[in-house]
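J.: File follows, model_35.cif with mmCIF, C-alpha atoms:
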data_input
#
loop_
_atom_site.label_atom_id
_atom_site.label_comp_id
_atom_site.auth_asym_id
_atom_site.auth_seq_id
_atom_site.Cartn_x
_atom_site.Cartn_y
_atom_site.Cartn_z
CA MET A 1 -35.03 92.61 64.65
CA SER A 2 -33.27 92.30 61.31
CA ASP A 3 -36.28 90.64 59.71
CA PRO A 4 -38.03 93.78 58.43
CA LYS A 5 -34.68 95.01 57.14
CA VAL A 6 -34.10 91.77 55.27
CA ALA A 7 -37.57 91.92 53.82
CA ALA A 8 -37.04 95.51 52.69
CA VAL A 9 -33.77 94.66 50.97
CA GLN A 10 -35.36 91.61 49.42
CA ALA A 11 -38.25 93.68 48.05
CA GLN A 12 -35.81 96.22 46.67
CA LEU A 13 -33.80 93.46 45.09
CA GLN A 14 -36.95 92.14 43.49
CA THR A 15 -37.98 95.47 41.93
CA GLN A 16 -34.44 96.17 40.77
CA SER A 17 -34.18 92.76 39.12
CA VAL A 18 -37.42 93.37 37.27
CA ALA A 19 -36.13 96.78 36.16
CA PHE A 20 -32.88 95.18 35.04
CA GLN A 21 -34.73 92.59 32.99
CA LYS A 22 -36.76 95.34 31.37
CA LEU A 23 -33.55 97.19 30.47
CA GLU A 24 -32.10 94.02 28.98
CA ALA A 25 -35.19 93.52 26.84
CA GLU A 26 -34.97 97.12 25.64
CA LEU A 27 -31.33 96.59 24.80
CA ALA A 28 -32.15 93.48 22.78
CA GLY A 29 -34.68 95.50 20.79
CA ILE A 30 -32.13 98.21 20.07
CA ILE A 31 -29.56 95.64 18.97
CA GLU A 32 -32.09 94.13 16.60
CA ALA A 33 -32.83 97.56 15.10
CA ARG A 34 -29.10 98.11 14.68
CA GLN A 35 -28.68 94.82 12.81
CA ARG A 36 -31.63 95.62 10.58
CA LEU A 37 -30.06 98.96 9.68
CA ASP A 38 -26.79 97.22 8.94
CA SER A 39 -28.34 94.87 6.43
CA GLN A 40 -30.30 97.74 4.86
CA GLN A 41 -27.10 99.71 4.51
CA ALA A 42 -25.34 96.77 2.89
CA GLU A 43 -28.18 96.25 0.42
CA ASN A 44 -28.35 99.92 -0.53
CA GLU A 45 -24.60 100.06 -0.97
CA GLN A 46 -24.81 97.12 -3.36
CA VAL A 47 -27.50 98.92 -5.35
CA LEU A 48 -25.46 102.11 -5.47
CA LYS A 49 -22.44 100.17 -6.68
CA GLU A 50 -24.63 98.69 -9.38
CA PHE A 51 -25.87 102.15 -10.39
CA THR A 52 -22.38 103.57 -10.71
CA LEU A 53 -21.56 100.83 -13.26
CA LEU A 54 -24.58 101.61 -15.46
CA LYS A 55 -24.21 102.33 -19.14
CA SER A 56 -26.61 104.30 -21.30
CA HIS A 57 -28.51 101.23 -22.51
CA ASN A 58 -29.17 100.01 -18.97
CA THR A 59 -32.62 101.32 -18.14
CA VAL A 60 -33.48 101.52 -14.47
CA TYR A 61 -36.90 100.41 -13.30
CA LYS A 62 -38.51 100.77 -9.93
CA LEU A 63 -40.97 98.26 -8.58
CA VAL A 64 -44.22 100.07 -7.85
CA GLY A 65 -46.78 97.65 -6.60
CA PRO A 66 -46.84 94.81 -9.13
CA SER A 67 -45.39 96.76 -12.06
CA LEU A 68 -41.99 98.04 -13.09
CA VAL A 69 -41.83 101.75 -13.82
CA PRO A 70 -38.90 103.16 -15.81
CA GLN A 71 -36.85 105.67 -13.86
CA ASP A 72 -34.20 108.20 -14.65
CA SER A 73 -30.95 106.52 -13.64
CA ASN A 74 -29.49 109.69 -12.12
CA GLU A 75 -32.63 110.24 -10.12
CA ALA A 76 -32.52 106.67 -8.88
CA LYS A 77 -28.88 107.08 -7.91
CA VAL A 78 -29.54 110.27 -5.99
CA ASN A 79 -32.45 108.56 -4.31
CA VAL A 80 -30.32 105.66 -3.11
CA GLU A 81 -27.61 108.05 -1.95
CA LYS A 82 -30.18 109.92 0.08
CA ARG A 83 -31.41 106.68 1.55
CA LEU A 84 -27.88 105.74 2.52
CA GLU A 85 -27.39 109.06 4.24
CA PHE A 86 -30.60 108.56 6.15
CA ILE A 87 -29.55 105.05 7.18
CA LYS A 88 -26.18 106.37 8.35
CA SER A 89 -27.81 108.98 10.54
CA GLU A 90 -30.17 106.34 11.87
CA ILE A 91 -27.23 104.12 12.73
CA LYS A 92 -25.66 107.00 14.65
CA ARG A 93 -28.88 107.57 16.53
CA VAL A 94 -29.30 103.88 17.39
CA GLU A 95 -25.62 103.66 18.40
CA ALA A 96 -26.21 106.46 20.89
CA GLN A 97 -29.29 104.69 22.19
CA LEU A 98 -27.34 101.49 22.52
CA LYS A 99 -24.57 103.18 24.49
CA GLU A 100 -27.07 104.82 26.80
CA GLY A 101 -28.92 101.53 27.30
CA GLU A 102 -25.72 99.67 28.07
CA GLU A 103 -24.67 102.28 30.61
CA LYS A 104 -28.08 102.10 32.27
CA ALA A 105 -27.93 98.30 32.39
CA ALA A 106 -24.40 98.35 33.84
CA LYS A 107 -25.48 100.83 36.49
CA LYS A 108 -28.48 98.75 37.38
CA LYS A 109 -26.31 95.65 37.59
CA ASN A 110 -24.00 97.37 40.06
CA GLU A 111 -26.96 98.45 42.13
CA ILE A 112 -28.21 94.88 42.21
CA ILE A 113 -24.80 93.54 43.21
CA ALA A 114 -24.64 96.11 46.02
CA LEU A 115 -28.10 95.05 47.18
CA GLN A 116 -27.15 91.40 47.06
CA GLN A 117 -24.10 92.07 49.19
CA GLN A 118 -26.26 94.01 51.63
CA PHE A 119 -28.70 91.12 51.68
CA GLN A 120 -25.98 88.59 52.37
CA GLY A 121 -24.50 90.82 55.03
CA LEU A 122 -27.86 90.97 56.81
CA GLN A 123 -28.39 87.25 56.49
CA GLY A 124 -24.89 86.26 57.53
CA PRO A 125 -25.03 87.34 61.19
CA SER A 126 -28.75 86.69 61.57
CA GLY A 127 -28.45 83.11 60.31
CA PRO A 128 -26.54 81.65 63.26
CA GLN A 129 -28.64 83.66 65.73
CA GLN A 130 -31.78 82.10 64.42
CA ALA A 131 -30.11 78.72 64.59
CA VAL A 132 -29.31 79.32 68.24
CA LYS A 133 -32.87 80.38 68.99
CA ALA A 134 -34.20 77.26 67.37
CA MET B 135 -20.35 94.16 26.86
CA ALA B 136 -16.87 93.40 28.10
CA GLU B 137 -16.06 89.77 27.62
CA GLN B 138 -13.72 88.29 30.15
CA GLN B 139 -11.30 85.57 29.33
CA VAL B 140 -12.29 82.56 31.36
CA ASN B 141 -10.47 79.29 31.47
CA ILE B 142 -13.09 76.63 30.92
CA THR B 143 -11.37 74.23 33.29
CA ASP B 144 -12.13 76.69 36.12
CA LEU B 145 -15.87 76.46 35.59
CA GLU B 146 -18.38 74.36 37.45
CA PRO B 147 -20.20 71.62 35.49
CA ALA B 148 -23.46 73.59 35.63
CA GLN B 149 -21.76 76.65 34.19
CA LEU B 150 -20.12 74.51 31.54
CA GLN B 151 -23.51 73.19 30.58
CA GLU B 152 -24.68 76.80 30.16
CA VAL B 153 -21.66 77.58 28.01
CA LYS B 154 -22.35 74.54 25.89
CA LYS B 155 -25.99 75.55 25.47
CA GLN B 156 -24.95 78.99 24.31
CA LEU B 157 -22.39 77.58 21.90
CA ASP B 158 -24.96 75.18 20.51
CA GLN B 159 -27.33 78.06 19.91
CA GLU B 160 -24.65 80.04 18.11
CA LEU B 161 -23.74 77.01 16.04
CA GLU B 162 -27.35 76.49 15.05
CA HIS B 163 -27.67 80.12 14.01
CA LEU B 164 -24.51 79.88 11.93
CA THR B 165 -25.50 76.65 10.20
CA ASN B 166 -28.89 78.17 9.41
CA SER B 167 -27.18 81.17 7.85
CA TYR B 168 -24.95 78.80 5.92
CA SER B 169 -27.83 76.90 4.36
CA GLN B 170 -29.61 80.16 3.56
CA LEU B 171 -26.51 81.42 1.77
CA LYS B 172 -26.21 78.11 -0.04
CA GLN B 173 -29.80 78.50 -1.24
CA ALA B 174 -29.13 82.03 -2.44
CA GLN B 175 -26.10 80.80 -4.33
CA THR B 176 -28.09 78.05 -6.02
CA LYS B 177 -30.65 80.65 -7.02
CA PHE B 178 -28.00 82.88 -8.58
CA ARG B 179 -26.49 79.90 -10.38
CA SER B 180 -29.81 78.91 -11.88
CA CYS B 181 -30.27 82.53 -12.96
CA VAL B 182 -27.06 82.25 -14.99
CA GLU B 183 -28.42 79.09 -16.61
CA ASN B 184 -31.76 80.71 -17.30
CA VAL B 185 -30.10 83.67 -19.00
CA SER B 186 -28.06 81.36 -21.21
CA SER B 187 -31.15 79.38 -22.14
CA LEU B 188 -32.58 82.52 -23.71
CA SER B 189 -31.12 81.94 -27.16
CA PRO B 190 -31.67 84.00 -30.31
CA ALA B 191 -33.55 80.98 -31.69
CA SER B 192 -36.26 81.58 -29.08
CA LYS B 193 -37.22 84.86 -30.73
CA GLY B 194 -40.89 84.98 -31.66
CA LYS B 195 -41.71 81.86 -29.67
CA GLU B 196 -44.98 81.74 -27.78
CA VAL B 197 -44.83 81.80 -24.01
CA LEU B 198 -47.37 81.94 -21.21
CA ILE B 199 -46.91 84.87 -18.91
CA PRO B 200 -48.09 84.42 -15.33
CA PHE B 201 -50.26 87.31 -14.17
CA THR B 202 -51.00 85.56 -10.93
CA SER B 203 -50.18 82.03 -9.87
CA SER B 204 -53.40 80.86 -11.53
CA LEU B 205 -53.86 83.26 -14.44
CA TYR B 206 -51.68 83.07 -17.54
CA VAL B 207 -51.82 85.02 -20.79
CA PRO B 208 -50.13 84.03 -24.06
CA GLY B 209 -47.30 86.24 -25.28
CA LYS B 210 -44.46 86.26 -27.77
CA LEU B 211 -40.77 86.70 -27.07
CA THR B 212 -39.73 89.82 -28.93
CA ASP B 213 -36.51 90.69 -27.13
CA VAL B 214 -34.08 87.86 -26.52
CA GLU B 215 -31.06 90.08 -25.98
CA ASN B 216 -32.03 91.92 -22.81
CA VAL B 217 -33.27 90.89 -19.40
CA VAL B 218 -34.33 92.89 -16.37
CA VAL B 219 -32.32 92.15 -13.26
CA ASP B 220 -33.36 92.74 -9.66
CA VAL B 221 -30.54 94.72 -8.05
CA GLY B 222 -32.23 95.09 -4.66
CA THR B 223 -34.34 97.58 -2.68
CA GLY B 224 -37.05 97.57 -5.33
CA TYR B 225 -34.80 98.63 -8.21
CA TYR B 226 -34.46 96.67 -11.43
CA VAL B 227 -31.98 97.25 -14.25
CA LYS B 228 -32.26 96.25 -17.86
CA LYS B 229 -29.12 94.45 -18.93
CA ASN B 230 -28.04 92.52 -21.99
CA LYS B 231 -27.34 88.85 -21.63
CA ALA B 232 -23.59 89.14 -21.16
CA GLU B 233 -23.99 91.78 -18.46
CA ALA B 234 -26.68 89.77 -16.71
CA THR B 235 -24.50 86.66 -16.71
CA GLU B 236 -21.62 88.67 -15.32
CA HIS B 237 -23.88 90.16 -12.66
CA TYR B 238 -25.08 86.77 -11.48
CA THR B 239 -21.64 85.20 -11.66
CA SER B 240 -20.17 87.95 -9.50
CA LYS B 241 -23.06 87.49 -7.05
CA THR B 242 -22.33 83.77 -6.92
CA ASN B 243 -18.67 84.45 -6.24
CA PHE B 244 -19.50 87.01 -3.58
CA VAL B 245 -21.69 84.49 -1.80
CA GLN B 246 -18.97 81.85 -2.21
CA GLY B 247 -16.51 84.06 -0.34
CA ASN B 248 -18.99 84.54 2.47
CA LEU B 249 -19.67 80.82 2.57
CA GLU B 250 -16.00 80.08 3.01
CA THR B 251 -15.54 82.48 5.91
CA LEU B 252 -18.72 81.16 7.47
CA GLN B 253 -17.48 77.60 7.08
CA LYS B 254 -14.32 78.50 8.96
CA THR B 255 -16.31 80.14 11.74
CA ILE B 256 -18.51 77.08 12.04
CA GLU B 257 -15.51 74.79 12.27
CA ARG B 258 -14.00 76.94 15.01
CA LYS B 259 -17.27 76.88 16.94
CA GLN B 260 -17.48 73.12 16.62
CA GLU B 261 -14.00 72.83 18.06
CA ASN B 262 -15.06 75.03 20.95
CA VAL B 263 -18.10 72.87 21.60
CA GLN B 264 -15.94 69.78 21.59
CA SER B 265 -13.40 71.11 24.04
CA VAL B 266 -16.19 72.23 26.36
CA MET B 267 -17.70 68.77 26.11
CA GLN B 268 -14.39 67.15 26.94
CA VAL B 269 -13.85 69.31 30.00
CA LEU B 270 -17.44 68.71 31.05
CA GLN B 271 -17.02 64.94 30.84
CA MET B 272 -13.78 65.12 32.72
CA LYS B 273 -15.44 67.13 35.50
CA MET B 274 -18.34 64.72 35.68
CA GLN B 275 -15.99 61.78 36.06
CA GLN B 276 -14.01 63.57 38.73
CA GLN B 277 -17.20 64.29 40.61
CA GLN B 278 -18.31 60.71 40.38
CA GLN B 279 -14.98 59.45 41.63
CA ALA B 280 -15.02 61.93 44.48
CA GLY B 281 -18.54 60.77 45.34
CA ALA B 282 -17.44 57.15 45.26
CA VAL B 283 -14.53 57.88 47.59
CA GLN B 284 -16.81 59.69 50.04
CA ALA B 285 -19.32 56.87 49.98
#
What does this structure look like when you write it as structure tokens?

T.:
Amino acid sequence: MSDPKVAAVQAQLQTQSVAFQKLEAELAGIIEARQRLDSQQAENEQVLKEFTLLKSHNTVYKLVGPSLVPQDSNEAKVNVEKRLEFIKSEIKRVEAQLKEGEEKAAKKKNEIIALQQQFQGLQGPSGPQQAVKA
Amino acid sequence: MAEQQVNITDLEPAQLQEVKKQLDQELEHLTNSYSQLKQAQTKFRSCVENVSSLSPASKGKEVLIPFTSSLYVPGKLTDVENVVVDVGTGYYVKKNKAEATEHYTSKTNFVQGNLETLQKTIERKQENVQSVMQVLQMKMQQQQQAGAVQA
């Protein structure tokens, strides 16, 4: 009599586990994006530091394809500052995503634990009964 | 994710094996990073040497400039005082020799600092791996003895 119930819980457990794995994979992707942004930020900060130390004889070039094109140093500085701002806002956005993803994963985990308990509860009493029947 | 403090002596051998696997992975990642940093440092060091090898006596000397890896054109060194340095993200800055040397030396030192902290982290991880291994061996022996008693 508890067999269909057990099967239903088992099926639910299965789909929830798959959903949880999908969430974990998504989370891993977000974390990777976050790390990439971090290293980009570090690199741009280094460049900006370099630009603030420039003297008048230090010409700035930008790599365009295979050739170096001279650039106005102030323009280059403003450009890097803008890039840094963009990266910062991206980090904020990804942080928010990360938080949301973690919350979702935690919720899903709790659901799965609840299902597992339900599953064990159904199996517990039915186990000995089946043993008696056999 | 909230990390709980777990005493490794409370864990089952199978769990310990998992912990060890994870630690090994982390250790591998860290040692990879270490050798990458080491390579970067060597590169910066050789840049310092290259800059110093550009002496005023080289002025007017003929050189072959690589256009591609297989096409070279002859050229003459006209400026032996300035070099163009890659500062990252596609930007290059023209610097005189002293500035370039300073730039590369400071890069080398920066990497050195990172290498030292990384070294410490690696040592700590190795200690962790060792203590996990010890506990694991102890557990295995206990299990074997228990099995022998039962048998």

J.: Suppose a student applies the PyMOL selection byres ((chain B) within 7 of (chain A)) to this structure; what residues should they get, written as a PyMOL selection string?

T.: chain B and resi 221-229

J.: Work out how far CA of Ser89 (chain A) is from CA of Lys107 (chain A), in Å to one decimal.

T.: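 Between these atoms lies a distance of 27.3 Å.
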
J.: May I ask which of the residues B:Met274, B:Val197, B:Val245, B:Val214 is the closest one to Gln170 (chain B), counting only C-alpha atoms?

T.: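 Among the listed residues, the smallest separation from Gln170 (chain B) belongs to B:Val245.
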
J.: List the residues selected by the PyMOL selection byres ((chain B and resi 168) around 12) in the file shown, writing them as a ChimeraX atom specification.

T.: /B:161-167,169-175,245-256

J.: Just to confirm, what's the straight-line distance from CA of Glu32 (chain A) to CA of Lys88 (chain A) in Å (one decimal)?

T.: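 So the two atoms, CA of Glu32 (chain A) and CA of Lys88 (chain A), lie 15.9 Å apart.
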
J.: State, in Å with one decimal place, the distance from CA of Leu211 (chain B) to CA of Ser240 (chain B).

T.: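 These two atoms are separated by 27.1 Å.
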
J.: To test your reading of the syntax: which residues would the PyMOL selection byres ((chain A and resi 97) around 12) return for the file shown? Reply as a ChimeraX atom specification.

T.: /A:23,26-31,33-34,90-96,98-104

J.: Print the selection's residues with C-alpha atoms to a file, as a short mmCIF file (atom, residue, chain, number, x, y, z; two decimals), in the frame of the given file.

T.:
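The new file selection_9.cif reads:
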data_model
loop_
_atom_site.label_atom_id
_atom_site.label_comp_id
_atom_site.auth_asym_id
_atom_site.auth_seq_id
_atom_site.Cartn_x
_atom_site.Cartn_y
_atom_site.Cartn_z
CA LEU A 23 -33.55 97.19 30.47
CA GLU A 26 -34.97 97.12 25.64
CA LEU A 27 -31.33 96.59 24.80
CA ALA A 28 -32.15 93.48 22.78
CA GLY A 29 -34.68 95.50 20.79
CA ILE A 30 -32.13 98.21 20.07
CA ILE A 31 -29.56 95.64 18.97
CA ALA A 33 -32.83 97.56 15.10
CA ARG A 34 -29.10 98.11 14.68
CA GLU A 90 -30.17 106.34 11.87
CA ILE A 91 -27.23 104.12 12.73
CA LYS A 92 -25.66 107.00 14.65
CA ARG A 93 -28.88 107.57 16.53
CA VAL A 94 -29.30 103.88 17.39
CA GLU A 95 -25.62 103.66 18.40
CA ALA A 96 -26.21 106.46 20.89
CA LEU A 98 -27.34 101.49 22.52
CA LYS A 99 -24.57 103.18 24.49
CA GLU A 100 -27.07 104.82 26.80
CA GLY A 101 -28.92 101.53 27.30
CA GLU A 102 -25.72 99.67 28.07
CA GLU A 103 -24.67 102.28 30.61
CA LYS A 104 -28.08 102.10 32.27
#

J.: Find the residues around Ser180 (chain B) up to 12 Å (all atoms listed in the file counted), leave out those fewer than 6 positions away in its own chain, and share them as a PyMOL selection string.

T.: chain B and resi 173-174+186-187+235+238-239+241-242

J.: Name the residues in contact with Lys195 (chain B) at a cut-off of 10 Å, using all atoms listed in the file, excluding same-chain residues fewer than 2 positions from it; report them as number ranges by chain.

T.: B: 191-193, 197, 209-212

J.: Considering only C-alpha atoms, state which residue in the set B:Val207, B:Val153, B:Ala148, B:Leu198 is at the smallest distance from Lys259 (chain B).

T.: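 For Lys259 (chain B), the nearest of the given residues is B:Val153.
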
J.: Report as a ChimeraX atom specification all protein, DNA and RNA residues lying within 12 Å of Asn110 (chain A), evaluated on only C-alpha atoms, omitting residues in the same chain fewer than 5 positions from it.

T.: /A:13,16-17,20,103-105,115-117

J.: With all atoms listed in the file as the atoms that count, which of A:Gln41, A:Arg83, A:Leu122, A:Ile112 lies nearest to Gln12 (chain A)?

T.: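 Checking each candidate against Gln12 (chain A), we get A:Ile112 as the closest.
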
J.: Please list as a ChimeraX atom specification every residue within 8 Å of Val6 (chain A), counting only C-alpha atoms and excluding residues in the same chain fewer than 4 positions away.

T.: /A:2,10,119,122-123

J.: Here's a test: counting all atoms listed in the file, identify every protein, DNA and RNA residue with an atom at most 9 Å from (-21.0, 72.2, 32.8) in the file's coordinate frame, and state them as a VMD selection string.

T.: chain B and resid 145 to 154 266 to 267 269 to 271 273 to 274
